[in-house]
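> Let me begin by handing over the structure; questions about it come next.
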Amino acid sequence: MILPFFIIIPLLAAFLIALISGERDNWAIAVAVIAMLALLCLALFGFVTIGAQTQVYQMGAWKIPYTICLVLDALSAFMLVIISGIGLTALMFSVFYIRHLSTSWKYYALFMLLITGMNGVVATGDLFNLFVFMEIALFAAYALVSYGSRAEEFEASFKYAIMGSISSTLVLVGIAIVYSATSNLTMATIAQLLPQNPTVMYFAGGIFLAAFGLKSAMMPFHAWLPDAHSSAPAPISSMLSGVLIKTLGVYVLVRLFYNVLGAPPLFLKMFMIFGSISILVASFLAMGQWDFKRLLAYSSISQIGFILLGLGIGTRWAILGAIFHILNHAIFKALLFYNAGTVEMVLGTRDLRQMGNLTKILPYTTATSMCGTLAVAGMPPFNGFFSKLIIIIAAVHAGHPIYASIAVAGSFLTLVYFMKVQRYGFHGKKVIEREGVKIGWGMRTAMIILAVLTLATSLLILPGIRTAVLDPVVAVIMNKTGYITQVLGGNL
Amino acid sequence: MTLYLMCFALLLIGIYGIIVKRDLVKIIIASGIMGYASNLLLILFAYRKGGIYPILEKGKDMTGRVMVDPLPQALVLTSIVIELGITAMLIALAIRIFEKYKTFDITKIRRLKG
């Protein structure tokens with residue numbers, strides 16, 4: 001039973017860090033790194049062993065309708081691998097990056113709480129427990145966004161916290177409505193009972209769509225994201241953009257709308273509409289930005305649009321593309337935020353017009369940023385190309401040529417605004433002397449690992465590897481009754 | 001039914017406050033009101049007409065009587081604690097914003113744009 005450890009390890013690490021750290025952060029770093037390594041090993045072990053099965057852990061020896069249960073299937077194991085993988089590189093990056101802000105242990109304790117919340121959301125099979133873990137993750141995220149203690153960061157964090165509390169209230173209202181109809185909080189039993197009552201299902205579904213749409217920053221609900229993600233310290237930006245909006249937003253949307261509500265066509269249609277709005281509008285907004293991290297934040301909204309579009313089309317290939325794009329976006333967006341953080345640390349600016357000469361000052365950062373740019377813009381052989389291609393082909397196959405052309409246009413616009421980053425930012429004409437700040441080896445290693453991964457993950461598309469890695473995840477989403485029978489039937 | 005509608009009105013008051021008010025403190029209070037509305041909704045769903053407290057005692061006559069649903073009460077306790085944390089966080093942020101900007105007026109706190 002490895003399931004409870006996904007929550008125990010980071011939670012224990014957070015409190016241990018608070019207990020044993022003194023003035024300096026050495027012990028905090030050691031504990032955090034050990035915890036993240038353990039989590040990554042556990043997540044990989046879980047993903048490799050789980051296959052098409054489902055593990056259910058029932059807390060406190062209660063039986064399923066009454067207990068809080070934790071569920072591990074291919075989809076949650078996949079998300080756990082992404083969380084701990086990106087989390088580990090973010091931790092490597094932060095060890096060197098955060099020291100120029102402060103040397104306090106508080107950062108690492110909050111970071112582990114963020115991981116706890118996200119792991120909990122992914123592992124839980126109980127609707128209210130999901131809400132609690134979501135709040136843990138968000139609480140840590142609010143604190144981490146304002147960690148640098150500058151005026152803009154407090155402003156962004158306040159905005160984020162208010163938007164977050166609106167969406168949390170909506171989630172609670174949705175849970176109350178679902179509970180009133182089913183007298184149950186376990187997601188599998190809700191999935192059994194709720195479709196008998198379509199009015200409540202559509203009402204609660206609409207509320208959940210707004211609430212988790214706010215968390216995943218789909219276009220009409222996106223206002224908090226560019227501020228929060230561009231103001232946070234770089235490793236936190238990459239955690240928020242790469243992982244948090246996917247676990248709290250997209251993963252929960254998938255779990256609720258596919259596994260619990262049984263993929264009602266109305267909501268899938270809305271996914272497609274919101275997704276294509278996000279792709280187009282966010283791309284145009286990103287083009288107008290001169291702030292590097294703000295441009296990346298808008299690009300995140302646009303890429304989330306691709307994922308939602310894939311989920312909305314709902315055929316097997318489209319979902320494969322969406323799942324693949326979740327992984328790819330986590331990798332290349334984290335990489336690009338590390339690049340932005342390194343540049344900001346060395347030059348002291350995020351304005352693309354103030355940059356230049358970076359090929360000489362920061363050779364590794366420039367090289368890896370090129371990998372990230374090509375991946376996000378969808379150039380073969382990088383991973384972004386394949387996931388976008390699958391989504392576009394699936395859209396054409398499913399008979400949605402308009403959505404397919406929107407996705408193609410969005411992909412092209414992505415290339416345009418990232419060319420702007422390369423042209424004005426990394427290969428700009430402004431001559432800058434090297435300043436005193438040195439980037440640590442951890443930052444460089446984190447960037448190189450992710451840059452290699454942008455190439456390596458495109459291997460996942462090869463048929464043999466795909467059937468082993470991505471197909472079980474797609475099977476969990478596509479199988480409408482599988483979740484119910486697996487969770488309720490596999491009672492230990 | 002009226003009770004549910006009034007509860008919904010309370011939720012709308014909270015959202016109205018967050019959208020319209022310009023003062024950080026008033027926005028925090030409005031988000032609190034919104035939270036109370038969702039808690040109240042949970043409690044309302046748990047209420048049974050003429051229901052008694054959900055504890056089985058020796059010699060308690062249960063014939064023909066219903067109990068209120070105890071689970072939402074537990075949920076509301078959890079959600080109150082969470083809300084307390086969030087409110088404390090919001091207030092702490094508001095204090096730090098005031099230190100930096102010397103104002104609570106959100107129309108003057110606009111360094112982030114675009």
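Labels for the structure tokens follow display order: chains A, B, ..., residues from 1 in each chain, ligands from 1.
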Identify all chain B residues at most 9 Å from chain A by counting only C-alpha atoms; ligands do not count. Present them as a VMD selection string.
chain B and resid 15 18 27 to 28 31 34 to 35 37 to 39 41 to 43 45 to 46 72 75 78 to 79 82 to 83 85 to 86 89 to 90 93 to 94 96 to 97 99 to 101 109 to 114
> For the residues in the current selection, export C-alpha atoms as a PDB file, in the first residue's frame.

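Output (again09.pdb):
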ATOM      1  CA  ILE B  15     -19.948  38.110  -4.982  1.00  0.00           C
ATOM      2  CA  ILE B  18     -16.071  41.374  -4.169  1.00  0.00           C
ATOM      3  CA  ILE B  27     -13.486  42.804  -0.248  1.00  0.00           C
ATOM      4  CA  ILE B  28     -12.183  40.489   2.484  1.00  0.00           C
ATOM      5  CA  SER B  31     -15.414  36.960   0.608  1.00  0.00           C
ATOM      6  CA  MET B  34     -19.700  34.323   0.433  1.00  0.00           C
ATOM      7  CA  GLY B  35     -18.136  31.601   2.551  1.00  0.00           C
ATOM      8  CA  ALA B  37     -23.490  31.395   2.388  1.00  0.00           C
ATOM      9  CA  SER B  38     -21.910  28.135   1.223  1.00  0.00           C
ATOM     10  CA  ASN B  39     -21.682  26.858   4.807  1.00  0.00           C
ATOM     11  CA  LEU B  41     -26.296  25.946   2.270  1.00  0.00           C
ATOM     12  CA  LEU B  42     -24.616  22.761   3.531  1.00  0.00           C
ATOM     13  CA  ILE B  43     -26.371  23.061   6.901  1.00  0.00           C
ATOM     14  CA  PHE B  45     -29.308  20.528   3.116  1.00  0.00           C
ATOM     15  CA  ALA B  46     -28.637  18.574   6.307  1.00  0.00           C
ATOM     16  CA  PRO B  72     -22.558  18.233   6.603  1.00  0.00           C
ATOM     17  CA  LEU B  75     -17.936  19.344   6.666  1.00  0.00           C
ATOM     18  CA  THR B  78     -13.711  21.849   8.330  1.00  0.00           C
ATOM     19  CA  SER B  79     -14.685  24.533   5.888  1.00  0.00           C
ATOM     20  CA  ILE B  82     -10.176  26.633   6.138  1.00  0.00           C
ATOM     21  CA  GLU B  83     -11.977  29.934   5.756  1.00  0.00           C
ATOM     22  CA  GLY B  85      -6.963  30.430   7.459  1.00  0.00           C
ATOM     23  CA  ILE B  86      -7.760  32.068   4.149  1.00  0.00           C
ATOM     24  CA  MET B  89      -3.916  35.137   4.896  1.00  0.00           C
ATOM     25  CA  LEU B  90      -5.938  37.799   3.076  1.00  0.00           C
ATOM     26  CA  LEU B  93      -1.605  40.368   2.558  1.00  0.00           C
ATOM     27  CA  ALA B  94      -3.770  43.479   2.926  1.00  0.00           C
ATOM     28  CA  ARG B  96       1.594  44.227   3.622  1.00  0.00           C
ATOM     29  CA  ILE B  97      -0.083  45.904   0.629  1.00  0.00           C
ATOM     30  CA  GLU B  99       2.720  49.085   3.950  1.00  0.00           C
ATOM     31  CA  LYS B 100       3.854  49.211   0.344  1.00  0.00           C
ATOM     32  CA  TYR B 101       1.173  51.350  -1.279  1.00  0.00           C
ATOM     33  CA  ILE B 109      -3.033  49.518  -6.354  1.00  0.00           C
ATOM     34  CA  ARG B 110      -2.316  48.985 -10.008  1.00  0.00           C
ATOM     35  CA  ARG B 111       1.290  48.271 -10.656  1.00  0.00           C
ATOM     36  CA  LEU B 112       0.480  45.083 -12.557  1.00  0.00           C
ATOM     37  CA  LYS B 113      -1.168  45.505 -15.882  1.00  0.00           C
ATOM     38  CA  GLY B 114      -1.291  44.126 -19.406  1.00  0.00           C
TER      39      GLY B 114
END
> List as a ChimeraX atom specification the protein and nucleic acid residues near Ile33 of chain B, meaning an atom at most 8 Å away when only C-alpha atoms are counted, but skip any in the same chain fewer than 6 places from it.
/B:10-11,13-14
> Store the residues picked out above, limited to C-alpha atoms, as a PDB file, in the first residue's frame.

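This is the output file out_15.pdb:
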ATOM      1  CA  LEU B  10     -26.386  35.846   0.569  1.00  0.00           C
ATOM      2  CA  LEU B  11     -23.974  34.218  -1.882  1.00  0.00           C
ATOM      3  CA  ILE B  13     -24.253  39.633  -1.895  1.00  0.00           C
ATOM      4  CA  GLY B  14     -20.782  38.237  -1.282  1.00  0.00           C
TER       5      GLY B  14
END
> Which value, in Å to one decimal, gives the distance between atom CA of Phe385 of chain A and atom CA of His222 of chain A?
25.0 Å
> Considering only C-alpha atoms, return as a compact mmCIF listing (two decimals) with N, CA, C and O atoms, in the first residue's frame whatever protein or nucleic-acid residues lie within 8 Å of segment 22-25 of chain B, sequence-local ones (same chain, fewer than 3 positions apart) excluded.

# COMPACT_ATOMS: atom_id res chain seq x y z
N ILE B 28 -12.42 41.66 1.63
CA ILE B 28 -12.18 40.49 2.48
C ILE B 28 -13.47 40.10 3.20
O ILE B 28 -13.84 38.93 3.28
N ILE B 29 -14.22 41.14 3.71
CA ILE B 29 -15.48 40.85 4.40
C ILE B 29 -16.46 40.20 3.43
O ILE B 29 -17.15 39.23 3.78
N ILE B 91 -5.92 39.01 5.21
CA ILE B 91 -5.67 40.19 6.03
C ILE B 91 -4.18 40.49 6.09
O ILE B 91 -3.76 41.65 5.97
N ALA B 94 -3.28 42.11 2.98
CA ALA B 94 -3.77 43.48 2.93
C ALA B 94 -2.88 44.40 3.74
O ALA B 94 -2.59 45.53 3.33
N PHE B 104 -5.71 51.43 0.87
CA PHE B 104 -6.51 50.22 0.73
C PHE B 104 -7.35 50.25 -0.55
O PHE B 104 -8.12 49.34 -0.81
N ASP B 105 -7.24 51.34 -1.31
CA ASP B 105 -8.11 51.53 -2.47
C ASP B 105 -7.54 50.75 -3.66
O ASP B 105 -6.43 51.03 -4.11
N ILE B 106 -8.33 49.78 -4.16
CA ILE B 106 -7.75 48.94 -5.23
C ILE B 106 -7.56 49.70 -6.53
O ILE B 106 -6.79 49.28 -7.38
N THR B 107 -8.25 50.82 -6.72
CA THR B 107 -8.01 51.55 -7.96
C THR B 107 -6.63 52.22 -7.95
O THR B 107 -6.12 52.59 -8.99
> I need the alpha helix (DSSP H) residues of chain B per DSSP on the backbone, written as a VMD selection string.
chain B and resid 2 to 20 24 to 46 71 to 101
> Mind checking which residues fall within 8 Å of segment 94-106 of chain A, counting only C-alpha atoms, ignoring those fewer than 6 positions away in the same chain, and posting them as a PDB file with N, CA and C atoms, in the first residue's frame?

ATOM      1  N   ILE A  17      10.814  20.118   8.511  1.00  0.00           N
ATOM      2  CA  ILE A  17      11.612  21.282   8.132  1.00  0.00           C
ATOM      3  C   ILE A  17      11.379  22.403   9.130  1.00  0.00           C
ATOM      4  N   ALA A  18      10.101  22.606   9.490  1.00  0.00           N
ATOM      5  CA  ALA A  18       9.798  23.669  10.442  1.00  0.00           C
ATOM      6  C   ALA A  18      10.415  23.368  11.804  1.00  0.00           C
ATOM      7  N   SER A  21      14.958  23.023  11.435  1.00  0.00           N
ATOM      8  CA  SER A  21      15.828  24.017  10.828  1.00  0.00           C
ATOM      9  C   SER A  21      16.164  25.116  11.819  1.00  0.00           C
ATOM     10  N   GLU A  23      18.791  28.755  11.859  1.00  0.00           N
ATOM     11  CA  GLU A  23      18.854  30.005  11.110  1.00  0.00           C
ATOM     12  C   GLU A  23      19.048  29.743   9.618  1.00  0.00           C
ATOM     13  N   ARG A  24      19.915  28.775   9.309  1.00  0.00           N
ATOM     14  CA  ARG A  24      20.251  28.529   7.910  1.00  0.00           C
ATOM     15  C   ARG A  24      19.293  27.502   7.309  1.00  0.00           C
ATOM     16  N   ASP A  25      19.391  27.353   5.982  1.00  0.00           N
ATOM     17  CA  ASP A  25      18.429  26.484   5.310  1.00  0.00           C
ATOM     18  C   ASP A  25      19.010  25.133   4.921  1.00  0.00           C
ATOM     19  N   ALA A  28      16.893  22.159   5.907  1.00  0.00           N
ATOM     20  CA  ALA A  28      15.625  22.223   5.179  1.00  0.00           C
ATOM     21  C   ALA A  28      15.805  21.680   3.776  1.00  0.00           C
ATOM     22  N   ILE A  29      16.902  22.086   3.113  1.00  0.00           N
ATOM     23  CA  ILE A  29      17.150  21.618   1.754  1.00  0.00           C
ATOM     24  C   ILE A  29      17.323  20.113   1.738  1.00  0.00           C
ATOM     25  N   GLY A 148       8.680  36.879  -2.467  1.00  0.00           N
ATOM     26  CA  GLY A 148       9.744  37.851  -2.679  1.00  0.00           C
ATOM     27  C   GLY A 148       9.520  39.178  -1.983  1.00  0.00           C
ATOM     28  N   PRO A 233       8.366  33.855  -7.522  1.00  0.00           N
ATOM     29  CA  PRO A 233       9.747  33.470  -7.837  1.00  0.00           C
ATOM     30  C   PRO A 233       9.752  32.395  -8.926  1.00  0.00           C
ATOM     31  N   PRO A 235      11.054  29.367  -9.678  1.00  0.00           N
ATOM     32  CA  PRO A 235      10.680  27.959  -9.513  1.00  0.00           C
ATOM     33  C   PRO A 235       9.206  27.786  -9.158  1.00  0.00           C
ATOM     34  N   MET A 345      17.595  36.892 -12.772  1.00  0.00           N
ATOM     35  CA  MET A 345      18.568  36.916 -11.690  1.00  0.00           C
ATOM     36  C   MET A 345      19.868  37.579 -12.143  1.00  0.00           C
ATOM     37  N   ILE A 439      25.168  31.966 -11.648  1.00  0.00           N
ATOM     38  CA  ILE A 439      24.107  30.979 -11.522  1.00  0.00           C
ATOM     39  C   ILE A 439      24.723  29.679 -11.042  1.00  0.00           C
ATOM     40  N   GLY A 440      24.012  28.999 -10.132  1.00  0.00           N
ATOM     41  CA  GLY A 440      24.563  27.793  -9.520  1.00  0.00           C
ATOM     42  C   GLY A 440      24.462  26.604 -10.452  1.00  0.00           C
ATOM     43  N   GLY A 442      23.043  23.843  -9.794  1.00  0.00           N
ATOM     44  CA  GLY A 442      21.723  23.227  -9.689  1.00  0.00           C
ATOM     45  C   GLY A 442      20.755  23.812 -10.693  1.00  0.00           C
ATOM     46  N   MET A 443      20.838  25.145 -10.868  1.00  0.00           N
ATOM     47  CA  MET A 443      19.962  25.796 -11.830  1.00  0.00           C
ATOM     48  C   MET A 443      20.249  25.290 -13.227  1.00  0.00           C
TER      49      MET A 443
END
> Within 10 Å of Trp441 of chain A, counting only C-alpha atoms, which residues qualify if same-chain residues fewer than 3 places away don't, as a VMD selection string?
chain A and resid 92 to 93 96 438 444 to 447
> I need the residues from that last selection saved to file as a PDB file, in the first residue's frame (with all heavy atoms), if you can.

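Output file again-v4.pdb follows:
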ATOM      1  N   MET A  92      15.653  21.695  -7.149  1.00  0.00           N
ATOM      2  CA  MET A  92      17.057  21.886  -7.515  1.00  0.00           C
ATOM      3  C   MET A  92      17.310  23.326  -7.924  1.00  0.00           C
ATOM      4  O   MET A  92      18.321  23.923  -7.560  1.00  0.00           O
ATOM      5  CB  MET A  92      17.411  20.980  -8.705  1.00  0.00           C
ATOM      6  CG  MET A  92      17.816  19.587  -8.328  1.00  0.00           C
ATOM      7  SD  MET A  92      17.803  18.549  -9.779  1.00  0.00           S
ATOM      8  CE  MET A  92      19.244  19.136 -10.618  1.00  0.00           C
ATOM      9  N   PHE A  93      16.366  23.869  -8.690  1.00  0.00           N
ATOM     10  CA  PHE A  93      16.524  25.245  -9.157  1.00  0.00           C
ATOM     11  C   PHE A  93      16.432  26.206  -7.981  1.00  0.00           C
ATOM     12  O   PHE A  93      17.212  27.146  -7.872  1.00  0.00           O
ATOM     13  CB  PHE A  93      15.436  25.551 -10.194  1.00  0.00           C
ATOM     14  CG  PHE A  93      15.641  26.817 -10.937  1.00  0.00           C
ATOM     15  CD1 PHE A  93      16.438  26.843 -12.073  1.00  0.00           C
ATOM     16  CD2 PHE A  93      15.051  27.991 -10.519  1.00  0.00           C
ATOM     17  CE1 PHE A  93      16.635  28.009 -12.771  1.00  0.00           C
ATOM     18  CE2 PHE A  93      15.250  29.160 -11.208  1.00  0.00           C
ATOM     19  CZ  PHE A  93      16.042  29.170 -12.333  1.00  0.00           C
ATOM     20  N   PHE A  96      19.419  27.251  -5.417  1.00  0.00           N
ATOM     21  CA  PHE A  96      20.337  28.338  -5.754  1.00  0.00           C
ATOM     22  C   PHE A  96      19.607  29.652  -5.992  1.00  0.00           C
ATOM     23  O   PHE A  96      20.144  30.717  -5.733  1.00  0.00           O
ATOM     24  CB  PHE A  96      21.154  27.953  -6.985  1.00  0.00           C
ATOM     25  CG  PHE A  96      22.049  26.801  -6.725  1.00  0.00           C
ATOM     26  CD1 PHE A  96      21.602  25.503  -6.870  1.00  0.00           C
ATOM     27  CD2 PHE A  96      23.340  27.015  -6.270  1.00  0.00           C
ATOM     28  CE1 PHE A  96      22.426  24.434  -6.600  1.00  0.00           C
ATOM     29  CE2 PHE A  96      24.168  25.949  -5.999  1.00  0.00           C
ATOM     30  CZ  PHE A  96      23.705  24.665  -6.164  1.00  0.00           C
ATOM     31  N   LYS A 438      26.295  34.926 -10.075  1.00  0.00           N
ATOM     32  CA  LYS A 438      26.626  33.655 -10.726  1.00  0.00           C
ATOM     33  C   LYS A 438      25.445  32.717 -10.605  1.00  0.00           C
ATOM     34  O   LYS A 438      24.794  32.677  -9.567  1.00  0.00           O
ATOM     35  CB  LYS A 438      27.841  33.020 -10.030  1.00  0.00           C
ATOM     36  CG  LYS A 438      29.165  33.595 -10.463  1.00  0.00           C
ATOM     37  CD  LYS A 438      30.274  32.704  -9.988  1.00  0.00           C
ATOM     38  CE  LYS A 438      31.095  32.206 -11.163  1.00  0.00           C
ATOM     39  NZ  LYS A 438      32.284  31.494 -10.768  1.00  0.00           N
ATOM     40  N   ARG A 444      21.573  25.200 -13.537  1.00  0.00           N
ATOM     41  CA  ARG A 444      21.962  24.750 -14.873  1.00  0.00           C
ATOM     42  C   ARG A 444      21.504  23.311 -15.088  1.00  0.00           C
ATOM     43  O   ARG A 444      20.930  22.969 -16.134  1.00  0.00           O
ATOM     44  CB  ARG A 444      23.483  24.852 -14.997  1.00  0.00           C
ATOM     45  CG  ARG A 444      23.951  25.100 -16.393  1.00  0.00           C
ATOM     46  CD  ARG A 444      25.443  25.352 -16.404  1.00  0.00           C
ATOM     47  NE  ARG A 444      25.813  26.609 -15.786  1.00  0.00           N
ATOM     48  CZ  ARG A 444      26.920  26.786 -15.058  1.00  0.00           C
ATOM     49  NH1 ARG A 444      27.748  25.783 -14.848  1.00  0.00           N
ATOM     50  NH2 ARG A 444      27.206  27.953 -14.558  1.00  0.00           N
ATOM     51  N   THR A 445      21.721  22.454 -14.070  1.00  0.00           N
ATOM     52  CA  THR A 445      21.339  21.043 -14.224  1.00  0.00           C
ATOM     53  C   THR A 445      19.839  20.907 -14.425  1.00  0.00           C
ATOM     54  O   THR A 445      19.394  20.133 -15.282  1.00  0.00           O
ATOM     55  CB  THR A 445      21.740  20.240 -12.969  1.00  0.00           C
ATOM     56  OG1 THR A 445      22.949  20.746 -12.487  1.00  0.00           O
ATOM     57  CG2 THR A 445      21.854  18.786 -13.283  1.00  0.00           C
ATOM     58  N   ALA A 446      19.050  21.675 -13.634  1.00  0.00           N
ATOM     59  CA  ALA A 446      17.598  21.577 -13.770  1.00  0.00           C
ATOM     60  C   ALA A 446      17.178  21.908 -15.190  1.00  0.00           C
ATOM     61  O   ALA A 446      16.353  21.214 -15.798  1.00  0.00           O
ATOM     62  CB  ALA A 446      16.913  22.513 -12.778  1.00  0.00           C
ATOM     63  N   MET A 447      17.801  22.970 -15.745  1.00  0.00           N
ATOM     64  CA  MET A 447      17.429  23.376 -17.104  1.00  0.00           C
ATOM     65  C   MET A 447      17.828  22.317 -18.113  1.00  0.00           C
ATOM     66  O   MET A 447      17.079  22.012 -19.032  1.00  0.00           O
ATOM     67  CB  MET A 447      18.085  24.707 -17.448  1.00  0.00           C
ATOM     68  CG  MET A 447      17.427  25.870 -16.741  1.00  0.00           C
ATOM     69  SD  MET A 447      18.000  27.437 -17.337  1.00  0.00           S
ATOM     70  CE  MET A 447      19.547  27.602 -16.523  1.00  0.00           C
TER      71      MET A 447
END
> Tell me which of A:Ala232, A:Val81, A:Leu336, A:Met59 sits closest to Ala375 of chain A, counting only C-alpha atoms.
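Closest to Ala375 of chain A, using only C-alpha atoms: A:Leu336.
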> Which parts of segment 1-111 of chain B does DSSP call strand (DSSP E or B) when run on the backbone here, written out as a count of residues only?
4
> Mind checking which residues fall within 7 Å of Phe212 of chain A, counting only C-alpha atoms, ignoring those fewer than 3 positions away in the same chain, and posting them as a list in words?
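So the residues in contact are Phe208, Leu209, Lys215, Ser216, Gly249 and Leu253 of chain A.
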> Atom CA of Ile8 of chain A to atom CA of Thr116 of chain A: how many Å, to one decimal?
8.0 Å
> Can you pull out every residue within 8 Å of segment 242-244 of chain A, counting only C-alpha atoms, but drop anything in the same chain fewer than 3 positions away, and send it as a compact mmCIF listing (two decimals) with all heavy atoms, in the first residue's frame?

# COMPACT_ATOMS: atom_id res chain seq x y z
N ILE A 82 4.27 13.45 -12.82
CA ILE A 82 4.53 14.82 -13.29
C ILE A 82 4.81 15.73 -12.10
O ILE A 82 5.78 16.50 -12.09
CB ILE A 82 3.34 15.36 -14.10
CG1 ILE A 82 3.17 14.56 -15.38
CG2 ILE A 82 3.55 16.83 -14.45
CD1 ILE A 82 2.00 15.01 -16.20
N ILE A 83 3.98 15.64 -11.05
CA ILE A 83 4.15 16.52 -9.89
C ILE A 83 5.53 16.33 -9.29
O ILE A 83 6.27 17.30 -9.07
CB ILE A 83 3.07 16.25 -8.83
CG1 ILE A 83 1.69 16.61 -9.33
CG2 ILE A 83 3.37 17.02 -7.55
CD1 ILE A 83 0.59 16.13 -8.44
N ILE A 86 8.57 17.39 -11.91
CA ILE A 86 8.76 18.83 -12.03
C ILE A 86 9.12 19.42 -10.67
O ILE A 86 9.94 20.33 -10.57
CB ILE A 86 7.50 19.50 -12.61
CG1 ILE A 86 7.14 18.89 -13.96
CG2 ILE A 86 7.69 20.99 -12.75
CD1 ILE A 86 8.12 19.14 -15.04
N MET A 118 -1.16 19.07 -3.77
CA MET A 118 -1.37 18.58 -5.14
C MET A 118 -1.44 17.06 -5.17
O MET A 118 -2.30 16.48 -5.84
CB MET A 118 -0.27 19.09 -6.06
CG MET A 118 -0.40 20.58 -6.30
SD MET A 118 0.61 21.17 -7.62
CE MET A 118 2.22 20.96 -6.96
N SER A 237 6.81 29.90 -10.15
CA SER A 237 6.07 30.10 -11.41
C SER A 237 6.00 28.81 -12.18
O SER A 237 4.95 28.46 -12.73
CB SER A 237 6.78 31.12 -12.29
OG SER A 237 6.95 32.32 -11.63
N SER A 238 7.12 28.08 -12.21
CA SER A 238 7.11 26.86 -13.01
C SER A 238 6.25 25.80 -12.34
O SER A 238 5.58 25.04 -13.03
CB SER A 238 8.52 26.36 -13.24
OG SER A 238 9.05 25.87 -12.04
N MET A 239 6.23 25.76 -11.01
CA MET A 239 5.33 24.81 -10.34
C MET A 239 3.87 25.18 -10.61
O MET A 239 3.05 24.32 -10.89
CB MET A 239 5.57 24.80 -8.82
CG MET A 239 6.75 24.02 -8.37
SD MET A 239 6.75 22.35 -8.98
CE MET A 239 5.66 21.56 -7.84
N THR A 247 -3.10 20.05 -12.04
CA THR A 247 -3.67 19.14 -11.04
C THR A 247 -4.98 19.70 -10.50
O THR A 247 -5.96 18.98 -10.40
CB THR A 247 -2.70 18.92 -9.88
OG1 THR A 247 -2.19 20.17 -9.49
CG2 THR A 247 -1.60 18.02 -10.27
N LEU A 248 -4.97 20.99 -10.08
CA LEU A 248 -6.20 21.53 -9.48
C LEU A 248 -7.24 21.84 -10.53
O LEU A 248 -8.43 21.85 -10.24
CB LEU A 248 -5.90 22.81 -8.70
CG LEU A 248 -4.95 22.72 -7.53
CD1 LEU A 248 -5.04 23.95 -6.69
CD2 LEU A 248 -5.22 21.52 -6.69
N GLY A 249 -6.80 22.11 -11.75
CA GLY A 249 -7.76 22.48 -12.78
C GLY A 249 -8.11 21.32 -13.68
O GLY A 249 -9.16 20.69 -13.55
N HIS A 329 3.53 20.07 -21.71
CA HIS A 329 3.46 21.46 -21.27
C HIS A 329 4.13 21.63 -19.92
O HIS A 329 4.81 22.63 -19.68
CB HIS A 329 2.01 21.93 -21.22
CG HIS A 329 1.88 23.34 -20.79
ND1 HIS A 329 1.36 23.69 -19.57
CD2 HIS A 329 2.24 24.49 -21.39
CE1 HIS A 329 1.40 25.00 -19.46
NE2 HIS A 329 1.92 25.51 -20.54
N ALA A 330 3.95 20.65 -19.02
CA ALA A 330 4.62 20.73 -17.72
C ALA A 330 6.12 20.84 -17.92
O ALA A 330 6.78 21.66 -17.28
CB ALA A 330 4.28 19.50 -16.88
N ILE A 331 6.67 20.05 -18.85
CA ILE A 331 8.12 20.05 -19.03
C ILE A 331 8.61 21.35 -19.65
O ILE A 331 9.46 22.05 -19.10
CB ILE A 331 8.55 18.84 -19.89
CG1 ILE A 331 8.33 17.55 -19.10
CG2 ILE A 331 10.00 18.96 -20.29
CD1 ILE A 331 8.46 16.31 -19.92
N LYS A 333 7.11 24.30 -20.17
CA LYS A 333 6.81 25.57 -19.50
C LYS A 333 7.66 25.75 -18.25
O LYS A 333 8.14 26.85 -17.96
CB LYS A 333 5.31 25.66 -19.17
CG LYS A 333 4.80 27.03 -18.81
CD LYS A 333 5.27 28.12 -19.75
CE LYS A 333 4.82 27.97 -21.18
NZ LYS A 333 3.42 28.17 -21.37
N ALA A 334 7.91 24.64 -17.51
CA ALA A 334 8.82 24.73 -16.37
C ALA A 334 10.19 25.18 -16.84
O ALA A 334 10.81 26.07 -16.26
CB ALA A 334 8.90 23.38 -15.67
> Separation of atom CA of Asn479 of chain A and atom CA of Ala318 of chain A, in Å?
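Atom CA of Asn479 of chain A sits 14.5 Å away from atom CA of Ala318 of chain A.
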